file final-v6.pdb (PDB, C-alpha atoms and all ligand atoms)
MODEL        1
ATOM      1  CA  MET G   1      -2.514   9.817 -22.119
ATOM      2  CA  ILE G   2      -0.197   9.561 -19.100
ATOM      3  CA  LYS G   3      -1.113   6.801 -16.694
ATOM      4  CA  HIS G   4      -0.658   7.527 -12.995
ATOM      5  CA  PHE G   5      -0.996   5.161 -10.024
ATOM      6  CA  LEU G   6      -2.406   7.301  -7.242
ATOM      7  CA  LYS G   7      -4.773   4.737  -5.795
ATOM      8  CA  ASP G   8      -5.353   1.036  -6.238
ATOM      9  CA  ASP G   9      -8.224   1.213  -8.688
ATOM     10  CA  ASP G  10      -6.213   3.322 -11.124
ATOM     11  CA  LEU G  11      -5.336  -0.154 -12.449
ATOM     12  CA  SER G  12      -8.276  -2.083 -13.890
ATOM     13  CA  PRO G  13      -8.522  -5.763 -12.914
ATOM     14  CA  ALA G  14      -6.815  -6.743 -16.203
ATOM     15  CA  GLN G  15      -4.050  -4.143 -15.769
ATOM     16  CA  GLN G  16      -3.462  -5.203 -12.166
ATOM     17  CA  GLU G  17      -3.131  -8.822 -13.343
ATOM     18  CA  GLU G  18      -0.688  -7.714 -16.038
ATOM     19  CA  VAL G  19       1.471  -5.868 -13.506
ATOM     20  CA  LEU G  20       1.421  -8.806 -11.110
ATOM     21  CA  THR G  21       2.730 -11.151 -13.798
ATOM     22  CA  LEU G  22       5.123  -8.849 -15.665
ATOM     23  CA  LYS G  23       8.837  -9.757 -15.734
ATOM     24  CA  PRO G  24      10.341  -6.394 -16.641
ATOM     25  CA  GLY G  25      14.058  -7.133 -17.168
ATOM     26  CA  LYS G  26      15.996  -3.925 -17.990
ATOM     27  CA  ALA G  27      12.830  -2.237 -19.259
ATOM     28  CA  LEU G  28      13.896   1.258 -18.181
ATOM     29  CA  ALA G  29      17.479   1.237 -19.493
ATOM     30  CA  GLY G  30      18.842   4.776 -19.775
ATOM     31  CA  LYS G  31      15.883   6.398 -18.018
ATOM     32  CA  ALA G  32      15.643   8.176 -14.646
ATOM     33  CA  VAL G  33      13.057   7.967 -11.853
ATOM     34  CA  VAL G  34      12.779  10.486  -9.014
ATOM     35  CA  VAL G  35      11.482   9.278  -5.648
ATOM     36  CA  ILE G  36      10.401  11.954  -3.131
ATOM     37  CA  PHE G  37       9.858  11.368   0.588
ATOM     38  CA  GLU G  38       7.823  13.753   2.734
ATOM     39  CA  LYS G  39       7.400  11.040   5.411
ATOM     40  CA  PRO G  40       9.905   8.500   6.796
ATOM     41  CA  SER G  41      10.547   5.184   5.048
ATOM     42  CA  LEU G  42      12.841   2.179   5.085
ATOM     43  CA  ARG G  43      11.372  -0.442   2.730
ATOM     44  CA  THR G  44       9.826   1.849   0.155
ATOM     45  CA  ARG G  45      12.969   3.879  -0.180
ATOM     46  CA  VAL G  46      15.327   0.946  -0.551
ATOM     47  CA  SER G  47      13.032  -1.178  -2.731
ATOM     48  CA  PHE G  48      12.461   1.694  -5.163
ATOM     49  CA  GLU G  49      16.142   2.659  -5.276
ATOM     50  CA  VAL G  50      17.313  -0.912  -5.843
ATOM     51  CA  GLY G  51      14.437  -1.735  -8.199
ATOM     52  CA  ILE G  52      14.983   1.313 -10.417
ATOM     53  CA  ALA G  53      18.680   0.446 -10.699
ATOM     54  CA  GLN G  54      17.811  -3.168 -11.572
ATOM     55  CA  LEU G  55      15.540  -1.876 -14.363
ATOM     56  CA  GLY G  56      18.578  -0.137 -15.859
ATOM     57  CA  ALA G  57      17.423   3.357 -14.822
ATOM     58  CA  THR G  58      18.935   5.961 -12.514
ATOM     59  CA  PRO G  59      17.125   6.431  -9.188
ATOM     60  CA  VAL G  60      17.146   9.940  -7.730
ATOM     61  CA  ILE G  61      16.002   9.912  -4.112
ATOM     62  CA  VAL G  62      14.886  13.243  -2.662
ATOM     63  CA  ASP G  63      14.075  13.959   0.977
ATOM     64  CA  ALA G  64      11.550  16.748   1.442
ATOM     65  CA  GLN G  65      13.733  18.487   4.057
ATOM     66  CA  THR G  66      16.294  19.156   1.337
ATOM     67  CA  THR G  67      13.765  20.651  -1.111
ATOM     68  CA  HIS G  68      11.836  23.925  -1.275
ATOM     69  CA  PHE G  69       8.462  22.392  -0.397
ATOM     70  CA  GLY G  70       8.814  23.607   3.198
ATOM     71  CA  ARG G  71       9.376  27.112   1.806
ATOM     72  CA  GLY G  72       6.190  27.053  -0.220
ATOM     73  CA  GLU G  73       7.168  25.703  -3.654
ATOM     74  CA  LEU G  74       4.029  24.498  -5.398
ATOM     75  CA  MET G  75       3.650  20.815  -6.293
ATOM     76  CA  ALA G  76       2.461  22.070  -9.675
ATOM     77  CA  ASP G  77       5.814  23.752 -10.330
ATOM     78  CA  ALA G  78       7.836  20.830  -8.989
ATOM     79  CA  ALA G  79       5.833  18.500 -11.248
ATOM     80  CA  ARG G  80       6.674  20.493 -14.358
ATOM     81  CA  ALA G  81      10.345  20.827 -13.404
ATOM     82  CA  LEU G  82      10.848  17.149 -12.530
ATOM     83  CA  SER G  83       9.072  16.006 -15.702
ATOM     84  CA  ARG G  84      11.933  17.610 -17.674
ATOM     85  CA  TYR G  85      14.493  15.333 -15.980
ATOM     86  CA  ALA G  86      12.773  12.097 -15.050
ATOM     87  CA  ASP G  87      10.624   9.464 -16.770
ATOM     88  CA  ALA G  88       8.472   8.857 -13.675
ATOM     89  CA  ILE G  89       7.896  10.537 -10.309
ATOM     90  CA  VAL G  90       7.298   8.482  -7.182
ATOM     91  CA  ILE G  91       6.186  10.305  -4.039
ATOM     92  CA  ARG G  92       5.355   9.574  -0.396
ATOM     93  CA  THR G  93       3.406  12.463   1.039
ATOM     94  CA  PHE G  94       0.575  13.524   3.342
ATOM     95  CA  ALA G  95      -2.756  14.704   1.907
ATOM     96  CA  ASP G  96      -3.899  13.072  -1.315
ATOM     97  CA  SER G  97      -4.476  16.559  -2.701
ATOM     98  CA  ARG G  98      -0.668  16.968  -2.896
ATOM     99  CA  ILE G  99      -0.153  13.928  -5.114
ATOM    100  CA  ALA G 100      -3.236  14.888  -7.146
ATOM    101  CA  GLU G 101      -1.677  18.294  -7.871
ATOM    102  CA  LEU G 102       1.611  16.646  -8.809
ATOM    103  CA  ALA G 103      -0.170  14.266 -11.188
ATOM    104  CA  GLU G 104      -2.230  17.038 -12.732
ATOM    105  CA  TYR G 105       0.866  18.967 -13.808
ATOM    106  CA  ALA G 106       3.387  16.160 -14.418
ATOM    107  CA  THR G 107       3.956  15.008 -17.966
ATOM    108  CA  VAL G 108       5.333  11.637 -16.791
ATOM    109  CA  PRO G 109       3.642   8.917 -14.686
ATOM    110  CA  VAL G 110       3.235   9.648 -10.949
ATOM    111  CA  ILE G 111       3.246   6.764  -8.459
ATOM    112  CA  ASN G 112       1.879   6.867  -4.914
ATOM    113  CA  ALA G 113       4.485   5.509  -2.491
ATOM    114  CA  LEU G 114       2.023   6.147   0.420
ATOM    115  CA  THR G 115      -0.270   9.015   1.201
ATOM    116  CA  ASP G 116      -2.652   9.602   4.081
ATOM    117  CA  GLY G 117      -5.308   7.937   1.921
ATOM    118  CA  TYR G 118      -3.681   4.994   0.151
ATOM    119  CA  HIS G 119      -0.673   2.675   0.003
ATOM    120  CA  PRO G 120      -1.253   1.029  -3.358
ATOM    121  CA  CYS G 121       2.318  -0.179  -4.022
ATOM    122  CA  GLN G 122       2.151  -2.068  -0.746
ATOM    123  CA  VAL G 123      -1.104  -3.762  -1.674
ATOM    124  CA  LEU G 124       0.303  -4.773  -5.079
ATOM    125  CA  ALA G 125       3.117  -6.495  -3.166
ATOM    126  CA  ASP G 126       0.579  -8.076  -0.822
ATOM    127  CA  LEU G 127      -1.434  -9.431  -3.756
ATOM    128  CA  MET G 128       1.756 -10.818  -5.267
ATOM    129  CA  THR G 129       2.463 -12.557  -1.954
ATOM    130  CA  ILE G 130      -1.035 -14.028  -1.823
ATOM    131  CA  ARG G 131      -0.612 -15.362  -5.379
ATOM    132  CA  GLN G 132       2.770 -16.818  -4.415
ATOM    133  CA  HIS G 133       1.475 -18.620  -1.315
ATOM    134  CA  LEU G 134      -2.136 -19.403  -2.223
ATOM    135  CA  GLY G 135      -1.939 -19.717  -6.017
ATOM    136  CA  GLY G 136      -4.241 -16.787  -6.795
ATOM    137  CA  THR G 137      -6.394 -14.025  -5.394
ATOM    138  CA  ALA G 138      -9.846 -14.381  -6.983
ATOM    139  CA  GLY G 139     -12.352 -15.805  -4.517
ATOM    140  CA  LYS G 140      -9.909 -15.744  -1.575
ATOM    141  CA  THR G 141     -10.903 -13.977   1.634
ATOM    142  CA  ILE G 142      -8.722 -11.483   3.480
ATOM    143  CA  ALA G 143      -9.492 -10.084   6.934
ATOM    144  CA  TYR G 144      -7.766  -6.808   7.776
ATOM    145  CA  LEU G 145      -7.889  -5.975  11.483
ATOM    146  CA  GLY G 146      -7.114  -2.586  12.996
ATOM    147  CA  ASP G 147      -7.545   0.996  11.849
ATOM    148  CA  GLY G 148     -10.218   0.774   9.175
ATOM    149  CA  ASN G 149      -9.813   4.416   8.274
ATOM    150  CA  ASN G 150      -6.171   4.477   7.191
ATOM    151  CA  ASN G 151      -4.226   4.074   3.961
ATOM    152  CA  MET G 152      -3.777   0.294   4.260
ATOM    153  CA  ALA G 153      -7.453  -0.362   4.928
ATOM    154  CA  ASN G 154      -8.425   1.812   1.960
ATOM    155  CA  SER G 155      -5.931   0.113  -0.314
ATOM    156  CA  TYR G 156      -7.015  -3.388   0.751
ATOM    157  CA  LEU G 157     -10.605  -2.414   0.024
ATOM    158  CA  LEU G 158      -9.870  -1.056  -3.460
ATOM    159  CA  GLY G 159      -6.944  -3.265  -4.485
ATOM    160  CA  GLY G 160      -8.292  -6.457  -2.916
ATOM    161  CA  THR G 161     -11.653  -6.182  -4.637
ATOM    162  CA  THR G 162      -9.896  -5.333  -7.930
ATOM    163  CA  ALA G 163      -8.146  -8.699  -7.520
ATOM    164  CA  GLY G 164     -11.524 -10.424  -6.992
ATOM    165  CA  MET G 165     -11.046 -10.946  -3.267
ATOM    166  CA  HIS G 166     -13.587 -10.940  -0.468
ATOM    167  CA  VAL G 167     -12.309  -8.143   1.772
ATOM    168  CA  ARG G 168     -13.329  -8.005   5.430
ATOM    169  CA  VAL G 169     -12.334  -5.042   7.597
ATOM    170  CA  ALA G 170     -12.704  -5.371  11.359
ATOM    171  CA  SER G 171     -12.156  -2.193  13.342
ATOM    172  CA  PRO G 172     -13.322  -0.504  16.525
ATOM    173  CA  VAL G 173     -16.276   1.867  16.370
ATOM    174  CA  GLY G 174     -14.902   5.285  15.413
ATOM    175  CA  PHE G 175     -12.185   3.771  13.208
ATOM    176  CA  THR G 176     -14.324   2.290  10.439
ATOM    177  CA  PRO G 177     -13.703   2.845   6.719
ATOM    178  CA  ALA G 178     -15.051   5.964   5.021
ATOM    179  CA  GLU G 179     -18.274   5.428   3.124
ATOM    180  CA  HIS G 180     -16.933   6.619  -0.238
ATOM    181  CA  ILE G 181     -14.198   3.977  -0.050
ATOM    182  CA  THR G 182     -16.533   1.102   0.805
ATOM    183  CA  GLU G 183     -19.020   2.206  -1.845
ATOM    184  CA  ARG G 184     -16.277   2.264  -4.493
ATOM    185  CA  ALA G 185     -14.936  -1.111  -3.306
ATOM    186  CA  LYS G 186     -18.424  -2.613  -3.563
ATOM    187  CA  GLU G 187     -18.756  -1.305  -7.118
ATOM    188  CA  ILE G 188     -15.444  -2.953  -8.049
ATOM    189  CA  ALA G 189     -16.429  -6.173  -6.259
ATOM    190  CA  GLU G 190     -19.592  -6.376  -8.327
ATOM    191  CA  GLN G 191     -17.460  -6.527 -11.473
ATOM    192  CA  THR G 192     -14.833  -8.927 -10.153
ATOM    193  CA  GLY G 193     -16.843 -11.349  -8.021
ATOM    194  CA  GLY G 194     -15.332 -10.101  -4.761
ATOM    195  CA  SER G 195     -17.156  -8.606  -1.793
ATOM    196  CA  VAL G 196     -16.818  -6.132   1.060
ATOM    197  CA  THR G 197     -17.768  -6.825   4.679
ATOM    198  CA  LEU G 198     -17.294  -4.433   7.596
ATOM    199  CA  LEU G 199     -17.262  -5.924  11.087
ATOM    200  CA  THR G 200     -16.445  -5.009  14.651
ATOM    201  CA  ASP G 201     -15.865  -8.556  15.999
ATOM    202  CA  PRO G 202     -12.293  -9.721  15.237
ATOM    203  CA  HIS G 203     -13.156 -13.419  15.756
ATOM    204  CA  GLU G 204     -16.041 -13.230  13.332
ATOM    205  CA  ALA G 205     -13.766 -11.390  10.899
ATOM    206  CA  VAL G 206     -11.096 -14.111  10.757
ATOM    207  CA  ALA G 207     -13.435 -17.129  10.673
ATOM    208  CA  GLY G 208     -12.651 -19.186   7.562
ATOM    209  CA  VAL G 209     -10.312 -16.644   5.937
ATOM    210  CA  ASP G 210      -7.282 -17.334   3.753
ATOM    211  CA  VAL G 211      -5.327 -14.220   4.746
ATOM    212  CA  VAL G 212      -5.133 -12.178   7.963
ATOM    213  CA  ALA G 213      -3.570  -8.721   7.700
ATOM    214  CA  THR G 214      -2.879  -5.840  10.018
ATOM    215  CA  ASP G 215      -1.034  -2.518  10.177
ATOM    216  CA  THR G 216       0.092  -0.087  12.826
ATOM    217  CA  TRP G 217      -2.664   1.467  14.924
ATOM    218  CA  THR G 218      -0.885   4.834  14.679
ATOM    219  CA  SER G 219      -0.011   5.831  11.136
ATOM    220  CA  MET G 220       2.593   8.453  10.290
ATOM    221  CA  GLY G 221       1.181  11.873  10.999
ATOM    222  CA  MET G 222      -1.328  10.614  13.599
ATOM    223  CA  GLU G 223       1.159  10.447  16.485
ATOM    224  CA  ASN G 224       0.029  13.629  18.171
ATOM    225  CA  ASP G 225      -3.662  13.777  17.324
ATOM    226  CA  GLY G 226      -4.653  13.220  20.967
ATOM    227  CA  ILE G 227      -6.703  10.086  20.137
ATOM    228  CA  ASP G 228      -6.199   6.904  22.193
ATOM    229  CA  ARG G 229      -4.965   4.490  19.550
ATOM    230  CA  ILE G 230      -4.191   1.617  21.927
ATOM    231  CA  THR G 231      -7.147   0.809  24.208
ATOM    232  CA  PRO G 232      -9.888   0.476  21.583
ATOM    233  CA  PHE G 233      -7.594  -1.580  19.358
ATOM    234  CA  LEU G 234      -6.414  -4.197  21.880
ATOM    235  CA  PRO G 235      -9.091  -6.776  20.931
ATOM    236  CA  TYR G 236      -7.880  -6.564  17.305
ATOM    237  CA  GLN G 237      -4.324  -7.723  18.031
ATOM    238  CA  ILE G 238      -3.188 -10.602  15.825
ATOM    239  CA  ASN G 239      -2.006 -13.199  18.313
ATOM    240  CA  GLY G 240      -1.808 -16.968  18.673
ATOM    241  CA  GLU G 241      -5.204 -17.159  20.328
ATOM    242  CA  LEU G 242      -6.976 -15.360  17.461
ATOM    243  CA  LEU G 243      -5.237 -17.502  14.834
ATOM    244  CA  LYS G 244      -6.253 -20.808  16.470
ATOM    245  CA  ALA G 245      -9.423 -20.694  14.353
ATOM    246  CA  VAL G 246      -7.438 -20.318  11.095
ATOM    247  CA  PRO G 247      -4.223 -22.367  11.367
ATOM    248  CA  ASN G 248      -3.736 -22.402   7.583
ATOM    249  CA  ALA G 249      -4.242 -18.696   6.922
ATOM    250  CA  ILE G 250      -1.209 -16.637   5.959
ATOM    251  CA  VAL G 251      -0.445 -13.479   7.928
ATOM    252  CA  LEU G 252       0.549 -10.176   6.327
ATOM    253  CA  HIS G 253       1.949  -6.996   7.863
ATOM    254  CA  CYS G 254       3.300  -4.185   5.688
ATOM    255  CA  LEU G 255       5.875  -3.246   8.373
ATOM    256  CA  PRO G 256       7.161  -1.534  10.397
ATOM    257  CA  ALA G 257       5.545  -3.714  13.056
ATOM    258  CA  HIS G 258       4.810  -2.541  16.575
ATOM    259  CA  ARG G 259       5.365  -5.910  18.184
ATOM    260  CA  GLY G 260       3.135  -6.395  21.198
ATOM    261  CA  GLU G 261       0.560  -3.958  19.817
ATOM    262  CA  GLU G 262      -1.101  -4.965  16.537
ATOM    263  CA  ILE G 263       0.875  -8.215  16.256
ATOM    264  CA  THR G 264       2.728 -10.448  18.697
ATOM    265  CA  ASP G 265       6.267 -11.823  18.361
ATOM    266  CA  GLU G 266       4.753 -15.305  18.291
ATOM    267  CA  VAL G 267       2.806 -14.500  15.114
ATOM    268  CA  MET G 268       5.405 -12.288  13.406
ATOM    269  CA  ASP G 269       8.047 -14.983  13.793
ATOM    270  CA  GLY G 270       5.679 -17.951  13.508
ATOM    271  CA  PRO G 271       4.869 -20.348  10.660
ATOM    272  CA  GLN G 272       1.844 -18.435   9.346
ATOM    273  CA  SER G 273       3.774 -15.206   8.841
ATOM    274  CA  VAL G 274       4.849 -14.400   5.267
ATOM    275  CA  VAL G 275       5.785 -10.809   6.054
ATOM    276  CA  PHE G 276       9.321 -10.988   4.708
ATOM    277  CA  ASP G 277       8.174 -12.475   1.398
ATOM    278  CA  GLN G 278       5.671  -9.630   1.386
ATOM    279  CA  THR G 279       8.417  -7.099   1.990
ATOM    280  CA  GLU G 280      10.570  -8.661  -0.778
ATOM    281  CA  ASN G 281       7.641  -8.405  -3.150
ATOM    282  CA  ARG G 282       7.671  -4.606  -2.832
ATOM    283  CA  LEU G 283      10.756  -4.779  -5.046
ATOM    284  CA  HIS G 284       9.214  -7.069  -7.679
ATOM    285  CA  ALA G 285       5.802  -5.372  -7.754
ATOM    286  CA  GLN G 286       7.230  -1.855  -8.067
ATOM    287  CA  LYS G 287       9.625  -2.854 -10.845
ATOM    288  CA  ALA G 288       6.707  -4.326 -12.782
ATOM    289  CA  LEU G 289       4.568  -1.265 -12.082
ATOM    290  CA  LEU G 290       7.269   1.118 -13.296
ATOM    291  CA  ALA G 291       7.800  -0.906 -16.457
ATOM    292  CA  PHE G 292       4.045  -0.975 -17.070
ATOM    293  CA  LEU G 293       3.499   2.748 -16.510
ATOM    294  CA  VAL G 294       6.585   4.037 -18.290
ATOM    295  CA  ASP G 295       5.697   1.580 -21.056
ATOM    296  CA  GLY G 296       9.157   0.185 -21.330
ATOM    297  CA  LYS G 297       8.004  -3.367 -20.638
ATOM    298  CA  GLU G 298       9.820  -6.160 -22.446
TER     299      GLU G 298
HETATM  300  N1  LIG Q   1       5.749  -0.848   4.318
HETATM  301  C1  LIG Q   1       6.352   0.317   4.087
HETATM  302  O1  LIG Q   1       5.910   1.133   3.255
HETATM  303  O2  LIG Q   1       7.490   0.488   4.803
HETATM  304  P1  LIG Q   1       8.348   1.831   4.918
HETATM  305  O3  LIG Q   1       7.490   2.853   5.616
HETATM  306  O4  LIG Q   1       9.557   1.448   5.701
HETATM  307  O5  LIG Q   1       8.685   2.294   3.533
HETATM  308  N1  LIG Q   2      -0.487   3.013   7.860
HETATM  309  C1  LIG Q   2       0.956   3.132   7.995
HETATM  310  C2  LIG Q   2       1.663   2.358   6.937
HETATM  311  C3  LIG Q   2       3.160   2.362   7.053
HETATM  312  C4  LIG Q   2       3.867   1.647   5.951
HETATM  313  C5  LIG Q   2       1.356   4.581   7.971
HETATM  314  O1  LIG Q   2       0.803   5.345   7.160
HETATM  315  O2  LIG Q   2       2.194   4.982   8.784
ENDMDL
END
call {"tool": "encode", "arguments": {"input": "final-v6.pdb", "output": "C-alpha cells", "more": "lines below"}}
Ligand code: CP
Ligand code: NVA
result
Amino acid sequence: MIKHFLKDDDLSPAQQEEVLTLKPGKALAGKAVVVIFEKPSLRTRVSFEVGIAQLGATPVIVDAQTTHFGRGELMADAARALSRYADAIVIRTFADSRIAELAEYATVPVINALTDGYHPCQVLADLMTIRQHLGGTAGKTIAYLGDGNNNMANSYLLGGTTAGMHVRVASPVGFTPAEHITERAKEIAEQTGGSVTLLTDPHEAVAGVDVVATDTWTSMGMENDGIDRITPFLPYQINGELLKAVPNAIVLHCLPAHRGEEITDEVMDGPQSVVFDQTENRLHAQKALLAFLVDGKE
C-alpha cells in the first residue's frame, strides 16, 4: 500500500510523532525524487532540493511552464510516467483534485508541497518548531489569525489537532473555515485531546495562547479574484499592540511575509518571532517525511 501525504491527517497522530522525531541520515541513497511546481516558491523549492540531496537521493525539480501540463497532458499519465523514474513525487499545484489524480495513478508516494486546500509540509515544520521552542505540542494552544479559508488555516486545523493542540482560528466574517474542515478537525481533536475554536475577535483569540500564527491575506491564485483582502483583515494584523497580552507566546509565519499587512516589522524582527527556525525546519521535516514515506528510514 503506497502512502501519500496529500493533507495533514494522512498521518495518524503516532505517524506524525514518528516523522517529527525521525533522524533520517542518508535514508534515500541512490534514489530519485521529482518535485513539480505549478505555483511560485522559494523555500519549498530550495528545502526540498537540498534535503533530497542530503538524503543521498537525486532531486529533479520541474517547473510547470517547461512541461506539457499547459498543453493538456493528464496528471494520470504524468503520474504513471514519473513513477517509472522516481521514488517519490512532490508537487505544488492548484486544485486538490490535481494532486488527488496524481496520487491515484502514481505507484510511488506523492507529497503535497502546497495546494489551494492544504500546506501540510509547512505545518509539519511548524509543529517541529513548536516542539523545539515549547517542548511539545499536546495541550498547547495556537491562534491563527487571518484568512480562515486558505491552505494554512486548513492545515493548522487538521495538523494541529493531530498533534493534540487546541487550535483557534480568528478570521473576518466571509473568510471563515469550511465546515467539512472544522468537522474533521473536531473529530481528530476528540481522539487527541485537542480542540477547535472559531472566533472573529483577534484579542479574544490570542488571550492565553502559546503560539500566534498568521499567513498572507492573499494566497497564490487569489490575486485577481476582485475581493478586498485588505480592509476586512486589518484588525487581524499581528503587531506589538496585539502581542502585549501574550509576551511569552512564539510567533510563526510560513513566509513570504507581507510586512505591514498581516505582520509588522516590529513583530517579524522581534524577540517573539521564530520564523527563521520555522523556515529551517522545512528542511528537517521534509527529509524525515520523505524517509518515512519512501520507507528508507534508518
Ligand atoms: N512557506 C512556503 O511554502 O514558502 P515558498 O512559497 O517560498 O515555498
Ligand atoms: N497561503 C499562502 C501560503 C504561501 C506559502 C499561499 O497559498 O499563497
call {"tool": "resolve_selection", "arguments": {"input": "final-v6.pdb", "expression": "the PyMOL selection byres (((chain G and resi 43) around 12) and not hetatm)", "output": "list in words"}}
result
Pro40, Ser41, Leu42, Thr44, Arg45, Val46, Ser47, Phe48, Glu49, Val50, Gly51, Ala113, Leu114, Cys121, Gln122, Ala125, Cys254, Leu255, Pro256, Phe276, Gln278, Thr279, Glu280, Asn281, Arg282, Leu283 and Gln286 of chain G
call {"tool": "residues_near_point", "arguments": {"input": "final-v6.pdb", "point": "(-7.9, -14.1, 6.5)", "cutoff": "10 Å", "atoms": "all atoms listed in the file", "output": "list of chain:residue names"}}
result
G:Lys140, G:Thr141, G:Ile142, G:Ala143, G:Tyr144, G:Leu145, G:His166, G:Val167, G:Arg168, G:Ala205, G:Val206, G:Ala207, G:Gly208, G:Val209, G:Asp210, G:Val211, G:Val212, G:Ala213, G:Leu243, G:Val246, G:Asn248, G:Ala249, G:Ile250, G:Val251, G:Leu252
call {"tool": "resolve_selection", "arguments": {"input": "final-v6.pdb", "expression": "the PyMOL selection byres (((chain G and resi 257) around 10) and not hetatm)", "output": "list of chain:residue names"}}
result
G:Thr214, G:Asp215, G:Thr216, G:Trp217, G:His253, G:Cys254, G:Leu255, G:Pro256, G:His258, G:Arg259, G:Gly260, G:Glu261, G:Glu262, G:Ile263, G:Thr264, G:Asp265, G:Met268, G:Val275
call {"tool": "residues_around", "arguments": {"input": "final-v6.pdb", "residues": "G:Arg84", "least_positions_apart": "2", "cutoff": "10 Å", "atoms": "only C-alpha atoms", "output": "PyMOL selection string"}}
result
chain G and resi 79-82+86-87+106-108
call {"tool": "closest_residue", "arguments": {"input": "final-v6.pdb", "among": "G:Glu18, G:Glu190, G:Asp126, G:Glu73", "to": "ligand LIG 1 (chain Q)", "atoms": "only C-alpha atoms and all ligand atoms"}}
result
G:Asp126
call {"tool": "axis_aligned_box", "arguments": {"input": "final-v6.pdb", "around": "ligand LIG 1 (chain Q)", "padding_each_side": "3 Å", "output": "lines of an AutoDock Vina configuration file"}}
result
center_x = 7.7
center_y = 1.0
center_z = 4.5
size_x = 9.8
size_y = 9.7
size_z = 8.4
call {"tool": "atom_distance", "arguments": {"input": "final-v6.pdb", "atom1": "atom CA of G:Asp8", "atom2": "atom CA of G:Val274"}}
result
21.8 Å
call {"tool": "closest_residue", "arguments": {"input": "final-v6.pdb", "among": "G:Asp96, G:Glu183, G:Asp116, G:Asp277", "to": "ligand LIG 2 (chain Q)", "atoms": "all atoms listed in the file"}}
result
G:Asp116
call {"tool": "residues_around", "arguments": {"input": "final-v6.pdb", "residues": "G:Ala291", "least_positions_apart": "3", "cutoff": "9 Å", "atoms": "all atoms listed in the file", "output": "list in words"}}
result
Val19, Leu22, Lys23, Pro24, Gly25, Lys26, Ala27, Leu28, Leu55, Gln286, Lys287, Ala288, Val294, Asp295, Gly296, Lys297 and Glu298 of chain G
